[in-house]
Amino acid sequence: MKTRSVFYVYALKDPRSNPARAFYIGKGTGTRAWEHELQIDQSAKGRRISEIHKAGLKVLTIKLVEGLSEPEALRVEAELIGAFGTQDRGGLLTNVVVPSGTRLSKRSDLIVPSGSVEKAQIALDHLKGAVFETVKANKNGLTNYDVANSLGLQSDYGGGSKNYLSYSVLGILMREGKVKRLPAPNKQHIAVVD
């Protein structure tokens, strides 16, 4: 477990605009913020970095907030990504928070506040990680009930189906091929990692 003061939230800024505009927000420890320029990938962020380098400039890497715990850094990162918005939703940032193939509502009367999709997808990514790690740690597998109760995801709703959140996350992990389902004798399905 990392100590309380090691996390920070940073911005990568494009110096070609005045003032320089953020095009990526992230969280990290150590030299994480500067690694993007050392290992340029083929993402929109990587393409922007390459364009900046071709112009003979360097990315401005700025620590926005330091001395955070990981949960605090995650919260600040999500809020900033939500505030700036991602390019695929009309915002400024090259961050990818909505996986390709994700179905977003087509209802014309549905109001989705700016930044809400980004925050939800960041949170979903962390939920998927926690569920995957928990299933992987239990070699005999876990039921949805086990996952919901072990991670504090159970609902106090009075109806019969209380654990839809963990059920949905397990379903996404199965669709992604990270977890598979084994039938159990009592008709409960058991999630396992190969």
# chains A, B, ... in the order shown; residues from 1 in each chain; ligands from 1
call {"tool": "residues_around", "arguments": {"residues": "stretch 127-140 of chain A", "least_positions_apart": "5", "cutoff": "7 Å", "atoms": "only C-alpha atoms", "output": "JSON, numbers by chain"}}
result
{"A": [147, 169, 173, 191, 192, 193]}
call {"tool": "select_by_dssp", "arguments": {"residues": "chain A", "states": "strand (DSSP E or B)", "output": "VMD selection string"}}
result
chain A and resid 7 to 14 21 to 28 60 to 68 86 93 142 180 to 183 189 to 192
call {"tool": "write_last_selection", "arguments": {"atoms": "C-alpha atoms", "output": "compact mmCIF listing (two decimals), in the first residue's frame"}}
result
# COMPACT_ATOMS: atom_id res chain seq x y z
CA PHE A 7 0.15 10.42 -5.49
CA TYR A 8 -0.37 13.49 -7.63
CA VAL A 9 -2.64 14.60 -10.46
CA TYR A 10 -1.01 16.12 -13.53
CA ALA A 11 -1.85 17.74 -16.84
CA LEU A 12 -0.09 17.43 -20.19
CA LYS A 13 -0.40 20.78 -21.98
CA ASP A 14 0.10 21.75 -25.60
CA ARG A 21 -4.18 24.01 -23.11
CA ALA A 22 -4.43 20.73 -21.26
CA PHE A 23 -4.93 17.76 -23.56
CA TYR A 24 -4.51 14.96 -21.02
CA ILE A 25 -5.17 14.58 -17.27
CA GLY A 26 -3.72 11.71 -15.25
CA LYS A 27 -2.71 10.53 -11.80
CA GLY A 28 0.58 9.02 -10.85
CA LEU A 60 4.36 21.06 -20.73
CA THR A 61 3.93 18.60 -17.87
CA ILE A 62 2.38 20.21 -14.82
CA LYS A 63 1.62 18.67 -11.43
CA LEU A 64 -1.74 20.12 -10.48
CA VAL A 65 -2.16 18.62 -7.00
CA GLU A 66 0.41 16.73 -4.93
CA GLY A 67 0.48 14.83 -1.64
CA LEU A 68 -2.66 12.78 -2.27
CA THR A 86 -12.99 14.20 -23.59
CA LEU A 93 -8.91 15.94 -23.47
CA LEU A 142 -16.78 -16.61 -6.50
CA LYS A 180 -15.33 -16.99 -17.25
CA ARG A 181 -18.42 -18.55 -15.74
CA LEU A 182 -18.65 -22.08 -14.42
CA PRO A 183 -22.05 -23.62 -13.70
CA HIS A 189 -22.80 -19.38 -11.46
CA ILE A 190 -19.22 -19.16 -10.27
CA ALA A 191 -16.85 -16.63 -11.80
CA VAL A 192 -13.22 -17.70 -12.24
call {"tool": "closest_residue", "arguments": {"among": "A:Asn144, A:Asn149, A:His126, A:Ser168", "to": "A:Pro71", "atoms": "only C-alpha atoms"}}
result
A:His126
call {"tool": "select_by_dssp", "arguments": {"residues": "stretch 126-184 of chain A", "states": "alpha helix (DSSP H)", "output": "PyMOL selection string"}}
result
chain A and resi 126-137+144-150+164-175
call {"tool": "write_last_selection", "arguments": {"atoms": "C-alpha atoms", "output": "PDB file, in the first residue's frame"}}
result
ATOM      1  CA  HIS A 126     -11.787   0.848 -11.054  1.00  0.00           C
ATOM      2  CA  LEU A 127     -14.739  -1.391 -10.112  1.00  0.00           C
ATOM      3  CA  LYS A 128     -13.769  -3.853 -12.844  1.00  0.00           C
ATOM      4  CA  GLY A 129     -10.202  -3.907 -11.521  1.00  0.00           C
ATOM      5  CA  ALA A 130     -11.331  -4.575  -7.951  1.00  0.00           C
ATOM      6  CA  VAL A 131     -13.744  -7.354  -8.989  1.00  0.00           C
ATOM      7  CA  PHE A 132     -11.181  -8.981 -11.308  1.00  0.00           C
ATOM      8  CA  GLU A 133      -8.470  -8.967  -8.619  1.00  0.00           C
ATOM      9  CA  THR A 134     -10.880 -10.439  -6.059  1.00  0.00           C
ATOM     10  CA  VAL A 135     -12.018 -13.233  -8.394  1.00  0.00           C
ATOM     11  CA  LYS A 136      -8.426 -13.953  -9.418  1.00  0.00           C
ATOM     12  CA  ALA A 137      -7.337 -14.213  -5.765  1.00  0.00           C
ATOM     13  CA  ASN A 144     -22.028 -12.753  -7.521  1.00  0.00           C
ATOM     14  CA  TYR A 145     -23.168 -12.781  -3.879  1.00  0.00           C
ATOM     15  CA  ASP A 146     -19.562 -13.369  -2.749  1.00  0.00           C
ATOM     16  CA  VAL A 147     -18.313 -10.481  -4.878  1.00  0.00           C
ATOM     17  CA  ALA A 148     -21.030  -8.065  -3.750  1.00  0.00           C
ATOM     18  CA  ASN A 149     -20.545  -8.837  -0.068  1.00  0.00           C
ATOM     19  CA  SER A 150     -16.749  -9.023  -0.041  1.00  0.00           C
ATOM     20  CA  TYR A 164     -27.156  -5.882  -9.835  1.00  0.00           C
ATOM     21  CA  LEU A 165     -24.019  -3.705  -9.695  1.00  0.00           C
ATOM     22  CA  SER A 166     -21.606  -6.575  -9.084  1.00  0.00           C
ATOM     23  CA  TYR A 167     -23.610  -8.764 -11.487  1.00  0.00           C
ATOM     24  CA  SER A 168     -23.194  -6.130 -14.211  1.00  0.00           C
ATOM     25  CA  VAL A 169     -19.461  -5.742 -13.549  1.00  0.00           C
ATOM     26  CA  LEU A 170     -18.972  -9.518 -13.675  1.00  0.00           C
ATOM     27  CA  GLY A 171     -20.927  -9.580 -16.939  1.00  0.00           C
ATOM     28  CA  ILE A 172     -18.666  -6.933 -18.474  1.00  0.00           C
ATOM     29  CA  LEU A 173     -15.557  -8.846 -17.376  1.00  0.00           C
ATOM     30  CA  MET A 174     -17.004 -12.013 -18.958  1.00  0.00           C
ATOM     31  CA  ARG A 175     -17.756 -10.188 -22.205  1.00  0.00           C
TER      32      ARG A 175
END
call {"tool": "residues_around", "arguments": {"residues": "stretch 40-43 of chain A", "least_positions_apart": "6", "cutoff": "10 Å", "atoms": "only C-alpha atoms", "output": "VMD selection string"}}
result
chain A and resid 49 to 50 94 to 96
call {"tool": "atom_distance", "arguments": {"atom1": "atom CA of A:Leu110", "atom2": "atom CA of A:Tyr157"}}
result
24.5 Å
call {"tool": "atom_distance", "arguments": {"atom1": "atom CA of A:Arg75", "atom2": "atom CA of A:Glu37"}}
result
24.6 Å
